[in-house]
$ cat entry.txt   # compact mmCIF, C-alpha atoms
# COMPACT_ATOMS: atom_id res chain seq x y z
CA MET A 1 52.71 -68.43 -70.14
CA LYS A 2 51.10 -71.83 -69.66
CA ILE A 3 51.05 -71.35 -65.89
CA GLU A 4 49.33 -67.96 -66.26
CA LYS A 5 46.74 -69.48 -68.60
CA GLN A 6 46.16 -72.30 -66.13
CA LYS A 7 45.59 -69.81 -63.31
CA LYS A 8 43.14 -67.84 -65.47
CA ARG A 9 41.23 -71.02 -66.30
CA GLN A 10 41.05 -71.92 -62.61
CA ALA A 11 39.78 -68.45 -61.70
CA VAL A 12 37.12 -68.60 -64.44
CA PHE A 13 36.10 -72.08 -63.24
CA VAL A 14 35.64 -70.81 -59.65
CA ILE A 15 33.61 -67.82 -60.81
CA CYS A 16 31.38 -70.01 -62.99
CA ILE A 17 30.69 -72.47 -60.16
CA THR A 18 29.93 -69.56 -57.81
CA LEU A 19 27.48 -67.97 -60.27
CA ILE A 20 25.73 -71.30 -60.85
CA LEU A 21 25.29 -71.81 -57.11
CA VAL A 22 24.01 -68.26 -56.67
CA CYS A 23 21.44 -68.87 -59.44
CA VAL A 24 20.33 -72.21 -57.95
CA VAL A 25 19.91 -70.76 -54.46
CA SER A 26 18.09 -67.70 -55.83
CA VAL A 27 15.64 -69.88 -57.76
CA MET A 28 15.07 -72.06 -54.67
CA ASP A 29 14.39 -68.96 -52.57
CA TYR A 30 12.00 -67.56 -55.19
CA PHE A 31 9.85 -70.69 -55.48
CA HIS A 32 10.01 -71.65 -51.79
CA ALA A 33 6.58 -70.84 -50.35
CA PRO A 34 4.20 -72.19 -47.68
CA LYS A 35 1.96 -75.13 -48.59
CA ARG A 36 -1.71 -74.71 -49.49
CA ASN A 37 -4.74 -76.56 -48.15
CA ALA A 38 -7.61 -78.02 -50.18
CA ALA A 39 -9.25 -74.58 -50.30
CA GLY A 40 -6.13 -73.04 -51.78
CA GLN A 41 -5.19 -71.11 -48.63
CA TYR A 42 -1.56 -70.78 -47.54
CA ILE A 43 -0.82 -72.81 -44.40
CA ILE A 44 2.13 -73.46 -42.08
CA ASP A 45 2.38 -76.56 -39.92
CA ARG A 46 2.28 -76.35 -36.15
CA GLY A 47 4.73 -78.39 -34.16
CA THR A 48 3.75 -81.61 -32.41
CA TYR A 49 2.04 -81.68 -29.01
CA GLY A 50 4.21 -80.05 -26.40
CA SER A 51 6.80 -78.76 -28.86
CA GLY A 52 6.33 -75.16 -27.69
CA LYS A 53 6.65 -72.06 -29.82
CA GLN A 54 8.60 -71.94 -33.04
CA LYS A 55 9.66 -68.93 -35.10
CA VAL A 56 8.60 -68.92 -38.76
CA TYR A 57 10.24 -66.45 -41.15
CA LEU A 58 7.90 -65.34 -43.98
CA ARG A 59 7.66 -62.69 -46.68
CA ALA A 60 4.25 -61.23 -47.52
CA ALA A 61 3.85 -59.63 -50.95
CA VAL A 62 1.17 -56.99 -51.55
CA GLY A 63 1.44 -55.87 -55.13
CA LYS A 64 4.99 -54.57 -55.51
CA GLU A 65 5.46 -54.26 -51.76
CA ARG A 66 7.42 -56.88 -49.78
CA HIS A 67 7.10 -57.31 -46.02
CA ASP A 68 9.37 -59.64 -44.03
CA LEU A 69 7.64 -61.07 -40.95
CA VAL A 70 8.58 -63.33 -38.03
CA LEU A 71 5.59 -65.28 -36.65
CA GLU A 72 5.66 -67.22 -33.38
CA VAL A 73 3.52 -70.33 -33.82
CA GLU A 74 2.66 -72.58 -30.86
CA GLY A 75 2.60 -76.35 -31.07
CA GLN A 76 -0.71 -78.17 -31.44
CA ASN A 77 -2.80 -78.27 -28.23
CA TYR A 78 -5.09 -80.99 -26.91
CA SER A 79 -8.81 -80.40 -26.69
CA GLU A 80 -10.51 -80.29 -23.25
CA LYS A 81 -12.22 -83.65 -23.92
CA GLU A 82 -8.96 -85.37 -24.86
CA ILE A 83 -6.94 -84.32 -21.80
CA PRO A 84 -8.35 -86.81 -19.18
CA ASN A 85 -7.79 -89.78 -21.47
CA ILE A 86 -4.32 -88.54 -22.37
CA LEU A 87 -3.40 -88.18 -18.69
CA GLU A 88 -4.64 -91.73 -18.00
CA GLU A 89 -2.57 -93.13 -20.88
CA ALA A 90 0.42 -91.09 -19.72
CA ALA A 91 0.10 -92.57 -16.19
CA LYS A 92 0.18 -96.14 -17.60
CA LYS A 93 3.17 -95.31 -19.75
CA LEU A 94 4.89 -93.64 -16.79
CA GLU A 95 4.77 -96.87 -14.74
CA LYS A 96 6.87 -98.66 -17.38
CA ILE A 97 9.25 -95.73 -17.77
CA VAL A 98 9.88 -95.33 -14.03
CA LEU A 99 10.96 -98.97 -13.60
CA GLY A 100 14.06 -98.51 -15.77
CA GLN A 101 16.03 -101.77 -15.63
CA ASN A 102 13.94 -103.20 -12.79
CA LYS A 103 11.28 -105.85 -13.49
CA SER A 104 8.65 -104.82 -10.92
CA PHE A 105 8.00 -102.36 -8.10
CA ASP A 106 8.17 -105.27 -5.62
CA GLU A 107 11.94 -105.49 -6.10
CA ILE A 108 13.83 -102.34 -6.98
CA ARG A 109 17.60 -102.84 -7.09
CA THR A 110 18.73 -100.29 -9.70
CA ASP A 111 18.04 -96.56 -10.10
CA LEU A 112 14.55 -95.42 -11.14
CA ARG A 113 13.81 -93.09 -14.07
CA LEU A 114 11.94 -90.10 -12.58
CA VAL A 115 11.36 -88.24 -15.84
CA SER A 116 10.10 -84.66 -15.98
CA GLN A 117 8.08 -85.20 -19.17
CA ILE A 118 6.42 -88.19 -20.82
CA PRO A 119 8.25 -88.79 -24.14
CA GLU A 120 6.35 -87.81 -27.31
CA THR A 121 3.64 -86.02 -25.30
CA ALA A 122 3.07 -82.62 -23.72
CA VAL A 123 2.54 -84.20 -20.28
CA GLU A 124 4.83 -82.72 -17.64
CA VAL A 125 5.64 -84.63 -14.45
CA THR A 126 6.67 -83.42 -10.98
CA TRP A 127 7.63 -85.80 -8.17
CA ASP A 128 7.24 -86.09 -4.45
CA MET A 129 8.12 -88.97 -2.08
CA ASN A 130 7.97 -89.92 1.59
CA ARG A 131 11.59 -91.19 1.93
CA TYR A 132 14.18 -88.73 0.65
CA ASP A 133 16.79 -90.62 2.64
CA LEU A 134 16.44 -93.60 0.24
CA LEU A 135 15.96 -91.91 -3.12
CA ASP A 136 16.77 -88.52 -4.61
CA LEU A 137 14.65 -86.62 -7.15
CA SER A 138 16.69 -87.97 -10.06
CA GLY A 139 15.82 -91.56 -9.10
CA HIS A 140 19.26 -92.46 -7.70
CA ILE A 141 19.14 -94.98 -4.83
CA ILE A 142 21.18 -94.04 -1.74
CA GLN A 143 22.59 -97.54 -1.15
CA ASP A 144 24.05 -96.91 2.31
CA ARG A 145 20.55 -96.39 3.73
CA VAL A 146 18.97 -99.54 2.25
CA SER A 147 18.79 -102.67 4.42
CA GLU A 148 18.97 -106.24 3.13
CA LYS A 149 15.27 -106.76 4.02
CA GLY A 150 14.22 -103.91 1.71
CA GLU A 151 12.60 -100.52 2.34
CA MET A 152 9.14 -99.35 1.19
CA ILE A 153 8.82 -95.95 -0.45
CA GLN A 154 5.85 -93.97 -1.78
CA LEU A 155 6.31 -92.06 -5.04
CA LYS A 156 3.78 -89.40 -5.94
CA ALA A 157 3.72 -88.22 -9.58
CA MET A 158 1.79 -85.07 -10.54
CA LEU A 159 0.94 -85.21 -14.26
CA ARG A 160 0.07 -81.88 -15.86
CA ILE A 161 -1.14 -80.57 -19.23
CA GLY A 162 -1.64 -76.84 -19.13
CA ARG A 163 -3.89 -76.25 -16.09
CA LYS A 164 -5.20 -79.81 -15.94
CA GLU A 165 -3.53 -82.06 -13.36
CA MET A 166 -3.76 -85.68 -12.23
CA GLU A 167 -2.06 -87.38 -9.31
CA HIS A 168 -0.64 -90.87 -9.65
CA ILE A 169 0.92 -92.78 -6.72
CA PHE A 170 3.47 -95.64 -6.88
CA TYR A 171 4.67 -97.91 -4.08
CA ALA A 172 8.08 -99.51 -4.48
CA LYS A 173 10.25 -101.75 -2.34
CA ILE A 174 13.94 -100.91 -2.59
CA PHE A 175 16.67 -103.50 -2.00
CA PRO A 176 20.47 -103.30 -2.13
CA PRO A 177 21.88 -104.20 -5.57
CA LYS A 178 22.74 -107.83 -6.27
CA LEU A 179 26.50 -108.24 -6.01
CA SER A 180 28.78 -110.75 -7.65
CA ARG A 181 31.05 -112.87 -5.47
CA GLU A 182 33.96 -110.48 -5.96
CA GLU A 183 31.80 -107.39 -5.34
CA ALA A 184 30.30 -108.90 -2.18
CA ARG A 185 33.74 -109.74 -0.82
CA LYS A 186 35.02 -106.27 -1.67
CA LYS A 187 32.07 -104.73 0.19
CA LYS A 188 32.69 -107.00 3.20
CA ILE A 189 36.37 -105.99 3.35
CA LYS A 190 35.46 -102.33 3.13
CA ASP A 191 32.78 -102.64 5.82
CA GLN A 192 35.25 -104.39 8.16
CA ALA A 193 37.86 -101.69 7.52
CA MET A 194 35.37 -98.89 8.21
CA GLU A 195 34.24 -100.61 11.43
CA LEU A 196 37.83 -100.74 12.65
CA GLU A 197 38.35 -97.10 11.60
CA ALA A 198 35.31 -95.99 13.63
CA LYS A 199 36.27 -98.14 16.64
CA ASP A 200 39.05 -95.89 17.93
CA LYS A 201 39.32 -92.46 16.35
CA THR A 202 41.78 -91.27 18.99
CA SER A 203 44.44 -93.66 17.73
CA PRO A 204 47.15 -92.17 15.45
CA TYR A 205 46.71 -95.03 13.00
CA VAL A 206 43.96 -97.26 11.60
CA VAL A 207 44.21 -101.03 11.93
CA LEU A 208 43.25 -102.93 8.81
CA PRO A 209 41.33 -106.26 8.94
CA GLU A 210 43.46 -109.40 8.87
CA TYR A 211 40.92 -111.93 7.60
CA VAL A 212 37.84 -112.10 5.40
CA ASP A 213 35.72 -115.25 5.09
CA GLY A 214 38.43 -117.10 7.01
CA LYS A 215 41.15 -116.15 4.53
CA LYS A 216 44.17 -114.01 5.39
CA LEU A 217 44.40 -110.54 3.87
CA ILE A 218 47.66 -109.11 2.51
CA TRP A 219 47.60 -105.36 2.00
CA ARG A 220 49.50 -103.37 -0.62
CA TYR A 221 49.15 -99.94 -2.14
CA PRO A 222 47.72 -100.25 -5.66
CA LYS A 223 50.11 -100.00 -8.57
CA ASP A 224 49.89 -96.77 -10.45
CA SER A 225 50.51 -96.25 -14.15
CA ARG A 226 53.80 -94.36 -13.79
CA ALA A 227 55.96 -97.24 -15.05
CA ALA A 228 53.63 -97.90 -17.98
CA GLY A 229 53.53 -94.18 -18.73
CA ILE A 230 57.34 -93.94 -18.70
CA LEU A 231 57.59 -97.01 -20.94
CA LEU A 232 55.04 -95.59 -23.36
CA LEU A 233 56.70 -92.17 -23.37
CA GLY A 234 60.16 -93.67 -23.86
CA THR A 235 58.94 -95.89 -26.71
CA PHE A 236 57.24 -92.92 -28.34
CA LEU A 237 60.35 -90.74 -28.00
CA ALA A 238 62.60 -93.50 -29.37
CA GLY A 239 60.27 -94.03 -32.33
CA PHE A 240 60.06 -90.29 -32.90
CA LEU A 241 63.85 -89.92 -32.83
CA VAL A 242 64.25 -92.74 -35.35
CA PHE A 243 61.58 -91.21 -37.56
CA TRP A 244 63.04 -87.71 -37.20
CA ASP A 245 66.56 -88.94 -37.97
CA GLY A 246 65.33 -90.64 -41.14
CA TYR A 247 63.29 -87.57 -42.04
CA GLU A 248 66.28 -85.25 -41.57
CA LYS A 249 68.50 -87.54 -43.66
CA LYS A 250 65.92 -87.63 -46.41
CA GLN A 251 65.57 -83.84 -46.32
CA LYS A 252 69.36 -83.41 -46.47
CA GLU A 253 69.58 -85.83 -49.40
CA THR A 254 66.82 -83.99 -51.23
CA LEU A 255 68.48 -80.60 -50.64
CA ARG A 256 71.86 -82.00 -51.72
CA LYS A 257 70.34 -83.43 -54.90
CA GLU A 258 68.68 -80.11 -55.71
CA GLU A 259 71.95 -78.29 -55.06
CA LEU A 260 73.92 -80.69 -57.31
CA LEU A 261 71.39 -80.41 -60.13
CA LYS A 262 71.44 -76.63 -59.89
CA ALA A 263 75.27 -76.43 -59.97
CA TYR A 264 75.85 -78.98 -62.77
CA PRO A 265 75.29 -76.69 -65.82
CA GLN A 266 77.65 -74.07 -64.37
CA ILE A 267 80.41 -76.62 -63.61
CA VAL A 268 80.26 -78.18 -67.09
CA SER A 269 80.17 -74.72 -68.67
CA GLN A 270 83.30 -73.65 -66.72
CA ILE A 271 85.23 -76.81 -67.65
CA THR A 272 84.20 -76.40 -71.32
CA LEU A 273 85.31 -72.76 -71.36
CA TYR A 274 88.77 -73.56 -69.96
CA VAL A 275 89.25 -76.56 -72.28
CA LYS A 276 88.25 -74.49 -75.34
CA VAL A 277 91.08 -72.04 -74.68
CA GLY A 278 93.56 -74.95 -74.66
CA MET A 279 93.78 -75.70 -70.97
CA PRO A 280 94.09 -79.42 -69.95
CA VAL A 281 91.16 -80.89 -68.06
CA ARG A 282 93.27 -81.40 -64.92
CA VAL A 283 94.40 -77.76 -64.88
CA ALA A 284 90.82 -76.56 -65.56
CA TRP A 285 89.55 -78.74 -62.72
CA PHE A 286 92.17 -77.48 -60.28
CA LYS A 287 91.52 -73.87 -61.28
CA ILE A 288 87.76 -74.17 -60.61
CA ALA A 289 88.27 -76.01 -57.29
CA GLU A 290 90.96 -73.58 -56.06
CA ALA A 291 88.82 -70.55 -57.00
CA TYR A 292 85.95 -72.04 -54.99
CA GLU A 293 88.23 -72.68 -52.00
CA LYS A 294 89.53 -69.13 -52.15
CA ASP A 295 86.13 -67.41 -52.31
CA ARG A 296 84.11 -70.01 -50.33
CA LYS A 297 81.46 -68.38 -48.15
CA VAL A 298 78.74 -71.05 -48.22
CA SER A 299 79.42 -74.75 -48.68
CA GLN A 300 78.22 -76.12 -52.04
CA SER A 301 78.11 -79.89 -52.42
CA ALA A 302 79.20 -80.08 -56.07
CA TYR A 303 82.24 -77.84 -55.58
CA GLU A 304 83.14 -79.58 -52.31
CA GLU A 305 83.28 -82.86 -54.26
CA MET A 306 85.51 -81.16 -56.86
CA VAL A 307 87.89 -80.06 -54.09
CA HIS A 308 87.87 -83.61 -52.74
CA THR A 309 88.73 -84.97 -56.20
CA MET A 310 91.55 -82.42 -56.57
CA ASN A 311 93.02 -83.57 -53.25
CA GLU A 312 92.78 -87.21 -54.34
CA ILE A 313 94.75 -86.45 -57.53
CA LYS A 314 97.36 -84.55 -55.50
CA HIS A 315 97.78 -87.54 -53.19
CA GLY A 316 98.53 -89.95 -56.00
CA ILE A 317 95.19 -91.41 -57.11
CA SER A 318 95.03 -91.59 -60.88
CA GLU A 319 93.21 -88.76 -62.60
CA GLY A 320 90.77 -91.02 -64.49
CA GLU A 321 89.81 -92.97 -61.38
CA SER A 322 89.35 -89.74 -59.40
CA TYR A 323 86.87 -88.39 -61.99
CA GLU A 324 84.87 -91.63 -61.91
CA ARG A 325 84.84 -91.63 -58.11
CA PHE A 326 83.63 -88.00 -58.27
CA GLY A 327 80.61 -89.10 -60.32
CA GLN A 328 79.85 -91.98 -57.96
CA ARG A 329 80.00 -89.77 -54.86
CA CYS A 330 77.63 -87.24 -56.41
CA GLY A 331 75.25 -90.10 -57.17
CA LEU A 332 73.42 -88.44 -60.08
CA ILE A 333 73.40 -89.70 -63.67
CA SER A 334 74.64 -86.38 -65.06
CA TYR A 335 77.68 -86.33 -62.76
CA ARG A 336 78.48 -89.98 -63.48
CA ARG A 337 78.30 -89.19 -67.16
CA LEU A 338 80.71 -86.26 -66.70
CA GLY A 339 83.10 -88.42 -64.65
CA THR A 340 83.06 -91.13 -67.35
CA LEU A 341 83.58 -88.53 -70.08
CA LEU A 342 86.60 -86.98 -68.36
CA SER A 343 88.02 -90.40 -67.44
CA GLY A 344 87.67 -91.51 -71.07
CA ASN A 345 89.50 -88.37 -72.13
CA ILE A 346 92.50 -89.50 -70.04
CA LYS A 347 92.44 -93.02 -71.48
CA LYS A 348 91.77 -92.21 -75.17
CA GLY A 349 93.36 -88.80 -75.47
CA ALA A 350 92.07 -85.24 -75.69
CA LYS A 351 90.73 -85.55 -79.24
CA GLY A 352 87.06 -84.53 -79.48
CA ILE A 353 86.79 -83.64 -75.80
CA THR A 354 85.83 -80.03 -76.58
CA GLU A 355 82.88 -81.07 -78.76
CA LEU A 356 81.72 -83.59 -76.18
CA LEU A 357 81.87 -80.99 -73.41
CA LYS A 358 80.01 -78.43 -75.54
CA LYS A 359 77.26 -80.98 -76.18
CA GLU A 360 77.12 -81.87 -72.47
CA THR A 361 76.85 -78.15 -71.62
CA MET A 362 73.94 -77.68 -74.03
CA ASP A 363 72.20 -80.78 -72.67
CA ALA A 364 72.75 -79.56 -69.10
CA PHE A 365 71.15 -76.17 -69.76
CA GLU A 366 68.24 -77.83 -71.60
CA GLU A 367 67.74 -80.10 -68.62
CA ARG A 368 67.84 -77.08 -66.34
CA LYS A 369 65.13 -75.31 -68.38
CA HIS A 370 63.04 -78.47 -68.34
CA ARG A 371 63.39 -78.69 -64.54
CA ALA A 372 62.41 -75.04 -64.12
CA LYS A 373 59.32 -75.63 -66.24
CA LYS A 374 58.41 -78.73 -64.24
CA LEU A 375 58.84 -76.90 -60.92
CA GLY A 376 56.58 -74.12 -62.19
CA GLU A 377 53.88 -76.60 -63.12
CA GLU A 378 54.18 -78.28 -59.70
CA ALA A 379 53.83 -74.88 -58.01
CA GLY A 380 50.67 -74.24 -60.05
CA THR A 381 49.28 -77.63 -59.02
CA LYS A 382 49.99 -76.94 -55.34
CA LEU A 383 47.88 -73.78 -55.63
CA LEU A 384 44.82 -75.90 -56.45
CA GLY A 385 44.47 -76.98 -52.80
CA PRO A 386 44.14 -73.43 -51.38
CA MET A 387 41.92 -72.44 -54.31
CA PHE A 388 39.49 -75.29 -53.68
CA MET A 389 39.49 -74.42 -49.96
CA MET A 390 38.56 -70.85 -50.88
CA LEU A 391 35.83 -72.22 -53.15
CA LEU A 392 34.51 -74.34 -50.27
CA VAL A 393 34.43 -71.30 -47.99
CA VAL A 394 32.51 -69.34 -50.65
CA LEU A 395 30.02 -72.21 -51.01
CA ILE A 396 29.51 -72.35 -47.23
CA ILE A 397 29.01 -68.57 -47.04
CA ILE A 398 26.38 -68.70 -49.81
CA VAL A 399 24.59 -72.00 -49.27
CA VAL A 400 24.43 -72.38 -45.45
CA PRO A 401 22.55 -69.09 -44.74
CA ALA A 402 20.19 -69.89 -47.62
CA PHE A 403 19.26 -73.31 -46.21
CA LEU A 404 19.04 -72.02 -42.63
CA SER A 405 16.48 -69.45 -43.75
CA ILE A 406 14.26 -72.14 -45.32
CA GLN A 407 11.30 -73.06 -43.06
CA ILE A 408 9.93 -76.50 -43.84
$ encode --input "entry.txt" --output "structure tokens"
Amino acid sequence: MKIEKQKKRQAVFVICITLILVCVVSVMDYFHAPKRNAAGQYIIDRGTYGSGKQKVYLRAAVGKERHDLVLEVEGQNYSEKEIPNILEEAAKKLEKIVLGQNKSFDEIRTDLRLVSQIPETAVEVTWDMNRYDLLDLSGHIIQDRVSEKGEMIQLKAMLRIGRKEMEHIFYAKIFPPKLSREEARKKKIKDQAMELEAKDKTSPYVVLPEYVDGKKLIWRYPKDSRAAGILLLGTFLAGFLVFWDGYEKKQKETLRKEELLKAYPQIVSQITLYVKVGMPVRVAWFKIAEAYEKDRKVSQSAYEEMVHTMNEIKHGISEGESYERFGQRCGLISYRRLGTLLSGNIKKGAKGITELLKKETMDAFEERKHRAKKLGEEAGTKLLGPMFMMLLVVLIIIVVPAFLSIQI
């Protein structure tokens, strides 16, 4: 009953939150309207210069009528008087942009930035040059074509706003990139190798250079990452196997514990029933274990331990010690208590054993009911996760379209 009430409360909570959100979004939609100017007229903002067209979703109310409209509004344009000055400013800004990481056009060693539009303006840029063998239209330097003395190149930028255009010309001197000592030596080795490769292309093999800067070269194929990959994979698999072995053991222990707890009330009840009709504990124990052996279809841990205890008694281990060892092997407090109770019965005599077993049976069934109740509550708690995920989905379905439809 408590679980059902808890579920009802959770459902009511979800519905209440949903209704509140619906109300909030509805109120926001109702009061969300375009701004007004000083004269009280409704206005909508254009985009910035060069931002292009934007779609604005509006609802026009005429009396009781409602009309949903989609207006295409262009970004703010420059006036005819402003354009020449804007193009001049854009040309100055372009000179700094084009340099990229270079300090001046007299020494270009890294790629240029040939942008297609001046940032934060509506000025578009198209490029032309006199040396496409040195530079491509993205500004990338073709290093193989650049000599150590440098190469001059003319860059022509056509700046445009609408139909207005202005030409701006740059002159740059391109040099090879500055190399570190290691990079320079690497380039020298490669150049020597390529010279030898081109020297005799009819040969079935390529001779590699023997010296660089007066030092002897020793050639090897580079090491690949196969060994490291195998080591990493093996370490991962070993770790996974250790983890999985521990996980499986833990799962088996958990299942065994659940199985023992589930079987305990029935075992105690059976022993109590046989003892009440005057049967000795040993005979009752053997009868239960033998019946299990006879009808065994699926292995049950608790009864397997009873069979083990029966075999111990048959092989000469004292009855009291066998019961105590039974409790220790099971590893649970309830089974240890039963083993101690039965062992005490052997030592002190059978007087009062029936009452003690009846009490243990009642306690066992009470514990079983308590466990069932606890498992039910845990199951109800586990449902909270999926319920909150459903709530989140509902919120997304309601709120996201509402905010996407808002035009600021």
$ axis_aligned_box --input "entry.txt" --around "region 35-41 of chain A" --padding-each-side "3 Å" --output "JSON"
{"center_x": -3.6, "center_y": -74.6, "center_z": -50.0, "size_x": 17.2, "size_y": 12.9, "size_z": 9.6}
$ atom_distance --input "entry.txt" --atom1 "CA of Ser301 (chain A)" --atom2 "CA of Lys374 (chain A)"
23.0 Å
$ residues_around --input "entry.txt" --residues "region 195-199 of chain A" --least-positions-apart "4" --cutoff "8 Å" --atoms "only C-alpha atoms" --output "VMD selection string"
chain A and resid 191 206 to 209
$ closest_residue --input "entry.txt" --among "A:Arg36, A:Arg160, A:Lys252, A:His308" --to "Glu293 (chain A)" --atoms "all atoms listed in the file"
A:His308
$ closest_residue --input "entry.txt" --among "A:Leu261, A:Leu231, A:Ile267, A:Ile161" --to "His370 (chain A)" --atoms "all atoms listed in the file"
A:Leu261
$ atom_distance --input "entry.txt" --atom1 "CA of Arg113 (chain A)" --atom2 "CA of Ser138 (chain A)"
7.1 Å
$ residues_around --input "entry.txt" --residues "Arg336 (chain A)" --least-positions-apart "5" --cutoff "10 Å" --atoms "all atoms listed in the file" --output "PDB file with C-alpha atoms, in the frame of the given file"
ATOM      1  CA  TYR A 323      86.870 -88.390 -61.990  1.00  0.00           C
ATOM      2  CA  GLU A 324      84.870 -91.630 -61.910  1.00  0.00           C
ATOM      3  CA  ARG A 325      84.840 -91.630 -58.110  1.00  0.00           C
ATOM      4  CA  PHE A 326      83.630 -88.000 -58.270  1.00  0.00           C
ATOM      5  CA  GLY A 327      80.610 -89.100 -60.320  1.00  0.00           C
ATOM      6  CA  GLN A 328      79.850 -91.980 -57.960  1.00  0.00           C
ATOM      7  CA  ARG A 329      80.000 -89.770 -54.860  1.00  0.00           C
ATOM      8  CA  CYS A 330      77.630 -87.240 -56.410  1.00  0.00           C
ATOM      9  CA  GLY A 331      75.250 -90.100 -57.170  1.00  0.00           C
ATOM     10  CA  LEU A 341      83.580 -88.530 -70.080  1.00  0.00           C
ATOM     11  CA  LEU A 342      86.600 -86.980 -68.360  1.00  0.00           C
TER      12      LEU A 342
END
$ closest_residue --input "entry.txt" --among "A:Lys178, A:Arg66, A:Arg220, A:His168" --to "Thr126 (chain A)" --atoms "all atoms listed in the file"
A:His168
$ residues_near_point --input "entry.txt" --point "(3.9, -90.2, -20.3)" --cutoff "9 Å" --atoms "all atoms listed in the file" --output "list in words"
Ile86, Leu87, Glu88, Glu89, Ala90, Ala91, Lys92, Lys93, Leu94, Glu95, Ile97, Val115, Gln117, Ile118, Pro119, Glu120, Thr121, Ala122, Val123, Glu124, Val125 and Leu159 of chain A
$ atom_distance --input "entry.txt" --atom1 "CA of Glu248 (chain A)" --atom2 "CA of Ala289 (chain A)"
28.6 Å
$ closest_residue --input "entry.txt" --among "A:Ile288, A:Leu356, A:Val98, A:Ile153" --to "Gly344 (chain A)" --atoms "all atoms listed in the file"
A:Leu356
$ closest_residue --input "entry.txt" --among "A:Gln251, A:Ala157, A:Pro176, A:Ala302" --to "Arg145 (chain A)" --atoms "only C-alpha atoms"
A:Pro176
$ residues_around --input "entry.txt" --residues "region 99-109 of chain A" --least-positions-apart "3" --cutoff "7 Å" --atoms "all atoms listed in the file" --output "ChimeraX atom specification"
/A:95-96,112-113,171-177
$ residues_around --input "entry.txt" --residues "region 318-322 of chain A" --least-positions-apart "3" --cutoff "12 Å" --atoms "all atoms listed in the file" --output "ChimeraX atom specification"
/A:280-283,285-286,305-315,325-329,336,338-349
$ residues_around --input "entry.txt" --residues "Asn130 (chain A)" --least-positions-apart "6" --cutoff "9 Å" --atoms "all atoms listed in the file" --output "count of residues only"
4
$ closest_residue --input "entry.txt" --among "A:Glu366, A:Asp111, A:Asp200, A:Glu304" --to "Asp136 (chain A)" --atoms "only C-alpha atoms"
A:Asp111
